[in-house]
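Structure, as structure tokens:
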Amino acid sequence: MTESPAVRVTGLRGPARIGERAARTLTTELARHQAPKTALLVDASPDSATLAAAIDALLPGDALTLVPAEAGQAAALREHVTEQGRWVADRVRVVDSLAEADPADVVMVAEPLAGTAEETRTALDALTKHLTDGAVLSVAVPALPGATPGAAAELDRQGALFGVGTDLVLRNQPPVRVYRLRFTAADPATADKLTPAYRPSSVPLTRSMHIDSNGVAAAGIALGLAALSRVSRPKSKLWLVPALATVPVAAFFRDPERDVPDDGSAVVAASDGKVLSVERLRDERFGDQEFLRVAVFLSVLDVHVNRAPVAGKVVDYFVADGGFAAAMKPDAEHNVAAYTVLDTSRGTVVVAQRTGLIARRIVQRAPVGSLLARGERFGLIRFGSRTDVYLPADAADPHVAPGDRVLGGSSVIARWR
């Protein structure tokens, strides 16, 4: 690909820049891999927030290659790397162009893509040549409508075909959307070496408490209704209804940090709640094997963010139609449910997100092909609901009983034999 002072390695220079939060999102695939790995950062510059985040994510066995954003900037990058100290300098090298870089396990583009759909496609084609088998390419594009329609449209198309995750980072100026693309299949066993990915959809309030982006939106709507009522009917107290609802609505979407057990044999709860049943059954949709199923009921007071009970690769996702019976009742077995099927080193594992009497909305953020670490957030269910975890019956033993209270991502519900 021909480069010029006005053209980056990956396309035309755009108006958006990557801030700290977006940089952390772009480098999450590097940060979550705990095994030794190689990484490639394209369009790097000494003042890049993405470069700083990538360096912070490095582990002792890692190797990071930098491709400068501008022709002739390699010397400044090398000086910057040297200034970071011996530990960084031993793990980071700078090349003059993309052609000199070796294939890597994680490839990231430091600044948002811009330009036409054709230019974006050409840039992606150049980058895919530098991916090892199962590697992930992380790129961003401005999220404002009409900002870079060509680049956004092409990334939407690529995401539909090869996407294993996307995040909207609103707290960036301007907002950006980060795409994670995988063009060759990943080994499910790789998930065992991952830690939960950083997700900007979980907005931090304190060090230990977050709120899901759905809660931010819901609270914003409640406050908007309160303001509208106050303006339209200044003498009425009606505005107090949505205003007072803001806090409990936001609290429903709370997303606390959880300590995932450091035990490879542990299967953790997919959600907070009370264990309804622990039983062995067969479900022909997932094969002819017998499963151990642990069902957990979530009341409206429980945390409704769902987490992966085990590490694995998402190989299927489908929604089954049904009713909206109370989630603690036997009839909930036939409610609307979303099934996430994981391929793991121990066999097939399924997580069912079931609606309830009030819950009518299931959120699932892990597309087919993505890798989930044990305890990683992957979705939520709004209001009272139920989660079921299906485990291979010949490989797992239950560690809970009906009536037990569990915490998603933390409580051990079963152990692998």
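In the structure tokens, the first chain shown is A, the next is B, and so on; residue numbers restart at 1 for each chain, and ligands run from 1 in the order shown.
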Exercise for review: For range 54-66 of chain A, please output as number ranges by chain all residues within 8 Å (counting only C-alpha atoms; exclusion window: fewer than 3 positions along the same chain).
Suggested key: A: 27, 30-31, 34-44, 50-51, 88, 91-95, 101
**Study point:** Within 12 Å of Pro204 in chain A using only C-alpha atoms, minus same-chain residues under 4 positions, as a PyMOL selection string
**Key:** chain A and resi 21+171+198-200+208-213+215-216+254-257
Emit the selected residues as a PDB file, in the first residue's frame, including N, CA and C atoms.
ATOM      1  N   ARG A  21      -9.793   5.735  27.714  1.00  0.00           N
ATOM      2  CA  ARG A  21     -10.807   4.681  27.820  1.00  0.00           C
ATOM      3  C   ARG A  21     -10.899   3.883  26.527  1.00  0.00           C
ATOM      4  N   ARG A 171     -17.357   7.743  26.044  1.00  0.00           N
ATOM      5  CA  ARG A 171     -16.470   8.666  26.753  1.00  0.00           C
ATOM      6  C   ARG A 171     -15.149   8.817  26.008  1.00  0.00           C
ATOM      7  N   TYR A 198     -11.932  -6.312  29.355  1.00  0.00           N
ATOM      8  CA  TYR A 198     -12.418  -4.992  29.744  1.00  0.00           C
ATOM      9  C   TYR A 198     -13.549  -4.596  28.809  1.00  0.00           C
ATOM     10  N   ARG A 199     -14.656  -4.111  29.367  1.00  0.00           N
ATOM     11  CA  ARG A 199     -15.799  -3.706  28.572  1.00  0.00           C
ATOM     12  C   ARG A 199     -16.252  -2.308  28.993  1.00  0.00           C
ATOM     13  N   PRO A 200     -16.260  -1.341  28.077  1.00  0.00           N
ATOM     14  CA  PRO A 200     -16.726   0.004  28.423  1.00  0.00           C
ATOM     15  C   PRO A 200     -18.221   0.067  28.686  1.00  0.00           C
ATOM     16  N   SER A 208     -15.156  -0.776  43.235  1.00  0.00           N
ATOM     17  CA  SER A 208     -15.795  -2.087  43.337  1.00  0.00           C
ATOM     18  C   SER A 208     -17.193  -2.156  42.736  1.00  0.00           C
ATOM     19  N   MET A 209     -17.739  -1.021  42.315  1.00  0.00           N
ATOM     20  CA  MET A 209     -19.098  -1.012  41.796  1.00  0.00           C
ATOM     21  C   MET A 209     -19.169  -0.295  40.455  1.00  0.00           C
ATOM     22  N   HIS A 210     -19.766  -0.966  39.480  1.00  0.00           N
ATOM     23  CA  HIS A 210     -19.997  -0.400  38.162  1.00  0.00           C
ATOM     24  C   HIS A 210     -21.507  -0.363  37.923  1.00  0.00           C
ATOM     25  N   ILE A 211     -21.886   0.289  36.831  1.00  0.00           N
ATOM     26  CA  ILE A 211     -23.277   0.252  36.384  1.00  0.00           C
ATOM     27  C   ILE A 211     -23.264  -0.025  34.890  1.00  0.00           C
ATOM     28  N   ASP A 212     -24.103  -0.937  34.469  1.00  0.00           N
ATOM     29  CA  ASP A 212     -24.161  -1.272  33.050  1.00  0.00           C
ATOM     30  C   ASP A 212     -24.664  -0.079  32.246  1.00  0.00           C
ATOM     31  N   SER A 213     -24.222   0.017  31.002  1.00  0.00           N
ATOM     32  CA  SER A 213     -24.621   1.140  30.153  1.00  0.00           C
ATOM     33  C   SER A 213     -26.135   1.215  29.977  1.00  0.00           C
ATOM     34  N   GLY A 215     -28.202   0.828  32.337  1.00  0.00           N
ATOM     35  CA  GLY A 215     -28.642   1.586  33.490  1.00  0.00           C
ATOM     36  C   GLY A 215     -28.418   3.075  33.328  1.00  0.00           C
ATOM     37  N   VAL A 216     -27.286   3.436  32.702  1.00  0.00           N
ATOM     38  CA  VAL A 216     -27.016   4.846  32.430  1.00  0.00           C
ATOM     39  C   VAL A 216     -28.097   5.413  31.513  1.00  0.00           C
ATOM     40  N   ARG A 254     -26.864  -2.313  38.417  1.00  0.00           N
ATOM     41  CA  ARG A 254     -25.541  -2.284  39.047  1.00  0.00           C
ATOM     42  C   ARG A 254     -24.730  -3.496  38.612  1.00  0.00           C
ATOM     43  N   ASP A 255     -23.443  -3.319  38.580  1.00  0.00           N
ATOM     44  CA  ASP A 255     -22.547  -4.349  38.051  1.00  0.00           C
ATOM     45  C   ASP A 255     -21.291  -4.398  38.914  1.00  0.00           C
ATOM     46  N   PRO A 256     -21.345  -5.054  40.062  1.00  0.00           N
ATOM     47  CA  PRO A 256     -20.199  -5.074  40.982  1.00  0.00           C
ATOM     48  C   PRO A 256     -19.035  -5.897  40.447  1.00  0.00           C
ATOM     49  N   GLU A 257     -17.833  -5.514  40.841  1.00  0.00           N
ATOM     50  CA  GLU A 257     -16.667  -6.331  40.533  1.00  0.00           C
ATOM     51  C   GLU A 257     -16.730  -7.618  41.356  1.00  0.00           C
TER      52      GLU A 257
END
Practice item. Rank nothing, just name the residue among A:Leu223, A:Ala251, A:Ala152, A:Val363 nearest to Ser201 in chain A, using only C-alpha atoms. Key: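 Going through A:Leu223, A:Ala251, A:Ala152, A:Val363 one by one, the smallest distance to Ser201 in chain A is for A:Val363.
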Check your understanding: Of the residues A:Ala74, A:Val275, A:Ala295, A:Ala326, which is the one nearest to Asp404 in chain A, using only C-alpha atoms?
Key ->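 Ranked by minimum distance to Asp404 in chain A, first place goes to A:Val275.
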Practice item. Can you pull out every residue within 10 Å of Leu240 in chain A, counting only C-alpha atoms, but drop anything in the same chain fewer than 6 positions away, and send it as a ChimeraX atom specification? Key: /A:223,225-227,229-230,246
Keeping only N, CA, C and O atoms, take the residues you just selected and write them out as a CSV table (one decimal), in the first residue's frame.
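Final file, selection.csv:
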chain,number,residue,atom,x,y,z
A,223,LEU,N,-34.5,10.9,34.1
A,223,LEU,CA,-34.3,12.3,34.4
A,223,LEU,C,-34.8,13.2,33.3
A,223,LEU,O,-35.3,14.3,33.6
A,225,LEU,N,-37.5,12.6,31.5
A,225,LEU,CA,-39.0,12.7,31.7
A,225,LEU,C,-39.3,13.6,32.8
A,225,LEU,O,-40.3,14.4,32.8
A,226,ALA,N,-38.5,13.6,33.9
A,226,ALA,CA,-38.7,14.5,35.0
A,226,ALA,C,-38.5,15.9,34.6
A,226,ALA,O,-39.3,16.8,35.0
A,227,ALA,N,-37.5,16.2,33.8
A,227,ALA,CA,-37.3,17.6,33.4
A,227,ALA,C,-38.4,18.1,32.5
A,227,ALA,O,-38.9,19.2,32.6
A,229,SER,N,-41.5,17.0,32.4
A,229,SER,CA,-42.7,17.2,33.2
A,229,SER,C,-42.6,18.5,34.0
A,229,SER,O,-43.6,19.2,34.1
A,230,ARG,N,-41.4,18.8,34.5
A,230,ARG,CA,-41.2,20.0,35.3
A,230,ARG,C,-41.5,21.2,34.4
A,230,ARG,O,-42.1,22.2,34.9
A,246,THR,N,-35.2,7.4,39.3
A,246,THR,CA,-33.9,7.4,38.7
A,246,THR,C,-32.9,6.5,39.5
A,246,THR,O,-32.3,5.6,38.9
Check your understanding: Nearest to Asp394 in chain A: which of A:Phe324, A:Phe297, A:Phe291, A:Tyr317 is it, counting only C-alpha atoms?
Key ->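 Checking each candidate against Asp394 in chain A, we get A:Phe291 as the closest.
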**Study point:** Expected answer as a PyMOL selection string: helix (DSSP H, G or I) residues in range 23-192 of chain A
**Key:** chain A and resi 23-26+28-32+49-57+74-83+86-89+98-100+117-128+149-162+188-192
Check your understanding: Residues at most 10 Å from range 321-323 of chain A, counting only C-alpha atoms, excluding those fewer than 6 positions away in the same chain, as number ranges by chain?
Key -> A: 331-338, 354-357, 360
Review point. At what distance in Å, to one decimal, does CA of Gly409 in chain A lie from CA of Leu371 in chain A?
Key: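 It comes out at 16.0 Å.
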**Study point:** Nearby residues (only C-alpha atoms) at most 9 Å from Val349 in chain A, same-chain spacing under 4 positions excluded, as a list of chain:residue names
**Key:**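 Selected residues are A:Phe286, A:Phe291, A:Pro309, A:Val310, A:Gly312, A:Thr340, A:Val341, A:Leu342, A:Asp343, A:Thr344, A:Val389, A:Tyr390, A:Leu391, A:Pro392.
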Those same residues - C-alpha atoms - I'd like them written as a PDB file, in the first residue's frame.
ATOM      1  CA  PHE A 286     -27.323 -29.830  22.306  1.00  0.00           C
ATOM      2  CA  PHE A 291     -26.417 -32.681  31.147  1.00  0.00           C
ATOM      3  CA  PRO A 309     -19.641 -19.977  34.105  1.00  0.00           C
ATOM      4  CA  VAL A 310     -16.628 -21.504  32.342  1.00  0.00           C
ATOM      5  CA  GLY A 312     -14.897 -21.376  26.242  1.00  0.00           C
ATOM      6  CA  THR A 340     -25.348 -19.383  24.359  1.00  0.00           C
ATOM      7  CA  VAL A 341     -23.483 -22.589  23.469  1.00  0.00           C
ATOM      8  CA  LEU A 342     -19.815 -22.843  24.473  1.00  0.00           C
ATOM      9  CA  ASP A 343     -17.197 -25.253  23.206  1.00  0.00           C
ATOM     10  CA  THR A 344     -14.822 -25.918  26.106  1.00  0.00           C
ATOM     11  CA  VAL A 389     -26.226 -23.606  33.218  1.00  0.00           C
ATOM     12  CA  TYR A 390     -25.939 -26.932  31.368  1.00  0.00           C
ATOM     13  CA  LEU A 391     -22.769 -28.954  32.057  1.00  0.00           C
ATOM     14  CA  PRO A 392     -21.693 -32.381  30.745  1.00  0.00           C
TER      15      PRO A 392
END
Revision key, fill the gap. Residue with the minimum atom-to-atom distance to Ser271 in chain A, picked from A:Ser232, A:Thr206, A:Thr387, A:Gln364 with only C-alpha atoms counted, is A:Thr387
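For the set A:Pro196, A:Leu155, A:Ala352, A:Ala143, the residue with the smallest atom-to-atom gap to Asp259 in chain A is A:Pro196, counting only C-alpha atoms.
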Check your understanding: Restricting the calculation to only C-alpha atoms, which member of A:Val315, A:Asp262, A:Ile18, A:Asp302 is positioned closest to Gln173 in chain A?
Key ->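 Result for the nearest residue to Gln173 in chain A: A:Ile18.
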**Study point:** Polymer residues at most 8 Å from range 175-183 of chain A, only C-alpha atoms, same-chain spacing of 6 or more positions, as a PyMOL selection string
**Key:** chain A and resi 16+22+25-26+112+128+134-144+155+158-159+162-169+369
**Study point:** DSSP strand (DSSP E) residues within range 157-242 of chain A, listed as a list of chain:residue names
**Key:**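 The residues of range 157-242 of chain A classed as strand (DSSP E) are A:Gly163, A:Val164, A:Gly165, A:Thr166, A:Asp167, A:Leu168, A:Val169, A:Val176, A:Arg177, A:Val178, A:Tyr179, A:Arg180, A:Leu181, A:Ser202, A:Val203, A:Pro204, A:Met209, A:His210, A:Ile211, A:Asp212.
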For the selection just defined, write its residues with all heavy atoms to a file, as a short mmCIF file (atom, residue, chain, number, x, y, z; two decimals), in the first residue's frame.
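Now in out-v8.cif:
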data_model
loop_
_atom_site.label_atom_id
_atom_site.label_comp_id
_atom_site.auth_asym_id
_atom_site.auth_seq_id
_atom_site.Cartn_x
_atom_site.Cartn_y
_atom_site.Cartn_z
N GLY A 163 -16.72 -10.58 12.99
CA GLY A 163 -16.68 -9.93 14.29
C GLY A 163 -16.80 -10.89 15.46
O GLY A 163 -17.61 -11.82 15.43
N VAL A 164 -16.00 -10.67 16.48
CA VAL A 164 -16.10 -11.45 17.72
C VAL A 164 -16.34 -10.49 18.89
O VAL A 164 -16.15 -10.86 20.05
CB VAL A 164 -14.83 -12.29 17.96
CG1 VAL A 164 -14.75 -13.41 16.94
CG2 VAL A 164 -13.57 -11.44 17.94
N GLY A 165 -16.75 -9.27 18.60
CA GLY A 165 -17.05 -8.32 19.65
C GLY A 165 -17.00 -6.90 19.14
O GLY A 165 -16.23 -6.58 18.23
N THR A 166 -17.82 -6.04 19.70
CA THR A 166 -17.79 -4.61 19.37
C THR A 166 -18.19 -3.83 20.60
O THR A 166 -19.01 -4.29 21.40
CB THR A 166 -18.74 -4.30 18.20
OG1 THR A 166 -18.70 -2.88 17.92
CG2 THR A 166 -20.17 -4.66 18.54
N ASP A 167 -17.58 -2.67 20.78
CA ASP A 167 -17.86 -1.83 21.93
C ASP A 167 -18.00 -0.38 21.48
O ASP A 167 -17.18 0.12 20.70
CB ASP A 167 -16.74 -1.91 22.98
CG ASP A 167 -16.74 -3.23 23.73
OD1 ASP A 167 -17.75 -3.52 24.38
OD2 ASP A 167 -15.72 -3.94 23.66
N LEU A 168 -19.02 0.29 21.99
CA LEU A 168 -19.21 1.70 21.75
C LEU A 168 -18.61 2.46 22.93
O LEU A 168 -19.03 2.27 24.07
CB LEU A 168 -20.70 2.03 21.61
CG LEU A 168 -21.06 3.50 21.45
CD1 LEU A 168 -20.45 4.08 20.18
CD2 LEU A 168 -22.58 3.68 21.43
N VAL A 169 -17.63 3.30 22.66
CA VAL A 169 -16.97 4.07 23.71
C VAL A 169 -17.46 5.51 23.62
O VAL A 169 -16.97 6.30 22.80
CB VAL A 169 -15.44 4.01 23.58
CG1 VAL A 169 -14.77 4.70 24.78
CG2 VAL A 169 -14.96 2.58 23.46
N VAL A 176 -16.19 6.66 19.72
CA VAL A 176 -15.72 5.70 18.72
C VAL A 176 -16.34 4.34 18.98
O VAL A 176 -16.78 4.04 20.09
CB VAL A 176 -14.17 5.57 18.72
CG1 VAL A 176 -13.50 6.87 18.31
CG2 VAL A 176 -13.67 5.10 20.09
N ARG A 177 -16.38 3.53 17.93
CA ARG A 177 -16.81 2.15 18.05
C ARG A 177 -15.61 1.26 17.75
O ARG A 177 -14.94 1.43 16.74
CB ARG A 177 -17.95 1.82 17.09
CG ARG A 177 -18.53 0.42 17.28
CD ARG A 177 -19.75 0.18 16.42
NE ARG A 177 -20.86 1.05 16.78
CZ ARG A 177 -21.68 0.79 17.80
NH1 ARG A 177 -21.53 -0.28 18.55
NH2 ARG A 177 -22.67 1.63 18.05
N VAL A 178 -15.33 0.35 18.67
CA VAL A 178 -14.19 -0.55 18.55
C VAL A 178 -14.67 -1.91 18.08
O VAL A 178 -15.60 -2.49 18.66
CB VAL A 178 -13.43 -0.68 19.88
CG1 VAL A 178 -12.30 -1.70 19.76
CG2 VAL A 178 -12.88 0.67 20.32
N TYR A 179 -14.06 -2.42 17.02
CA TYR A 179 -14.39 -3.73 16.46
C TYR A 179 -13.25 -4.69 16.73
O TYR A 179 -12.07 -4.35 16.57
CB TYR A 179 -14.59 -3.65 14.94
CG TYR A 179 -15.79 -2.84 14.50
CD1 TYR A 179 -15.74 -1.46 14.45
CD2 TYR A 179 -16.98 -3.46 14.12
CE1 TYR A 179 -16.83 -0.71 14.04
CE2 TYR A 179 -18.07 -2.72 13.71
CZ TYR A 179 -17.99 -1.34 13.67
OH TYR A 179 -19.07 -0.61 13.25
N ARG A 180 -13.61 -5.92 17.11
CA ARG A 180 -12.63 -7.00 17.24
C ARG A 180 -12.97 -8.05 16.20
O ARG A 180 -14.08 -8.62 16.22
CB ARG A 180 -12.66 -7.59 18.66
CG ARG A 180 -12.16 -6.62 19.70
CD ARG A 180 -12.17 -7.22 21.10
NE ARG A 180 -13.51 -7.61 21.51
CZ ARG A 180 -14.43 -6.76 21.93
NH1 ARG A 180 -14.16 -5.46 21.99
NH2 ARG A 180 -15.62 -7.19 22.29
N LEU A 181 -12.06 -8.30 15.29
CA LEU A 181 -12.29 -9.19 14.16
C LEU A 181 -11.35 -10.37 14.23
O LEU A 181 -10.16 -10.22 14.53
CB LEU A 181 -12.07 -8.43 12.84
CG LEU A 181 -12.84 -7.10 12.68
CD1 LEU A 181 -12.38 -6.39 11.42
CD2 LEU A 181 -14.34 -7.34 12.64
N SER A 202 -19.59 -1.40 30.96
CA SER A 202 -19.69 -1.39 32.42
C SER A 202 -19.01 -0.11 32.91
O SER A 202 -17.79 0.01 32.91
CB SER A 202 -19.00 -2.62 33.01
OG SER A 202 -19.14 -2.67 34.40
N VAL A 203 -19.81 0.87 33.32
CA VAL A 203 -19.31 2.19 33.68
C VAL A 203 -18.96 2.21 35.17
O VAL A 203 -19.82 1.94 36.02
CB VAL A 203 -20.36 3.28 33.37
CG1 VAL A 203 -19.83 4.66 33.75
CG2 VAL A 203 -20.74 3.23 31.90
N PRO A 204 -17.71 2.52 35.54
CA PRO A 204 -17.32 2.50 36.95
C PRO A 204 -17.91 3.66 37.74
O PRO A 204 -17.90 4.80 37.30
CB PRO A 204 -15.79 2.58 36.89
CG PRO A 204 -15.51 3.29 35.60
CD PRO A 204 -16.58 2.84 34.65
N MET A 209 -17.74 -1.02 42.32
CA MET A 209 -19.10 -1.01 41.80
C MET A 209 -19.17 -0.30 40.45
O MET A 209 -18.70 0.83 40.31
CB MET A 209 -20.05 -0.34 42.79
CG MET A 209 -21.50 -0.31 42.32
SD MET A 209 -22.19 -1.97 41.99
CE MET A 209 -22.29 -2.62 43.68
N HIS A 210 -19.77 -0.97 39.48
CA HIS A 210 -20.00 -0.40 38.16
C HIS A 210 -21.51 -0.36 37.92
O HIS A 210 -22.30 -0.92 38.68
CB HIS A 210 -19.34 -1.26 37.07
CG HIS A 210 -17.85 -1.28 37.15
ND1 HIS A 210 -17.04 -1.20 36.04
CD2 HIS A 210 -16.99 -1.37 38.20
CE1 HIS A 210 -15.78 -1.24 36.40
NE2 HIS A 210 -15.73 -1.37 37.71
N ILE A 211 -21.89 0.29 36.83
CA ILE A 211 -23.28 0.25 36.38
C ILE A 211 -23.26 -0.02 34.89
O ILE A 211 -22.46 0.54 34.14
CB ILE A 211 -24.02 1.57 36.71
CG1 ILE A 211 -25.49 1.48 36.25
CG2 ILE A 211 -23.34 2.76 36.06
CD1 ILE A 211 -26.32 2.65 36.73
N ASP A 212 -24.10 -0.94 34.47
CA ASP A 212 -24.16 -1.27 33.05
C ASP A 212 -24.66 -0.08 32.25
O ASP A 212 -25.44 0.75 32.74
CB ASP A 212 -25.08 -2.47 32.83
CG ASP A 212 -25.01 -3.02 31.42
OD1 ASP A 212 -24.12 -3.82 31.14
OD2 ASP A 212 -25.85 -2.61 30.59
#
Practice item. Identify, on the basis of only C-alpha atoms, every residue whose closest approach to Ala243 in chain A does not exceed 12 Å; exclude the query and any residue fewer than 4 positions from it along the same chain; express the result as a count of residues only. Key: 20
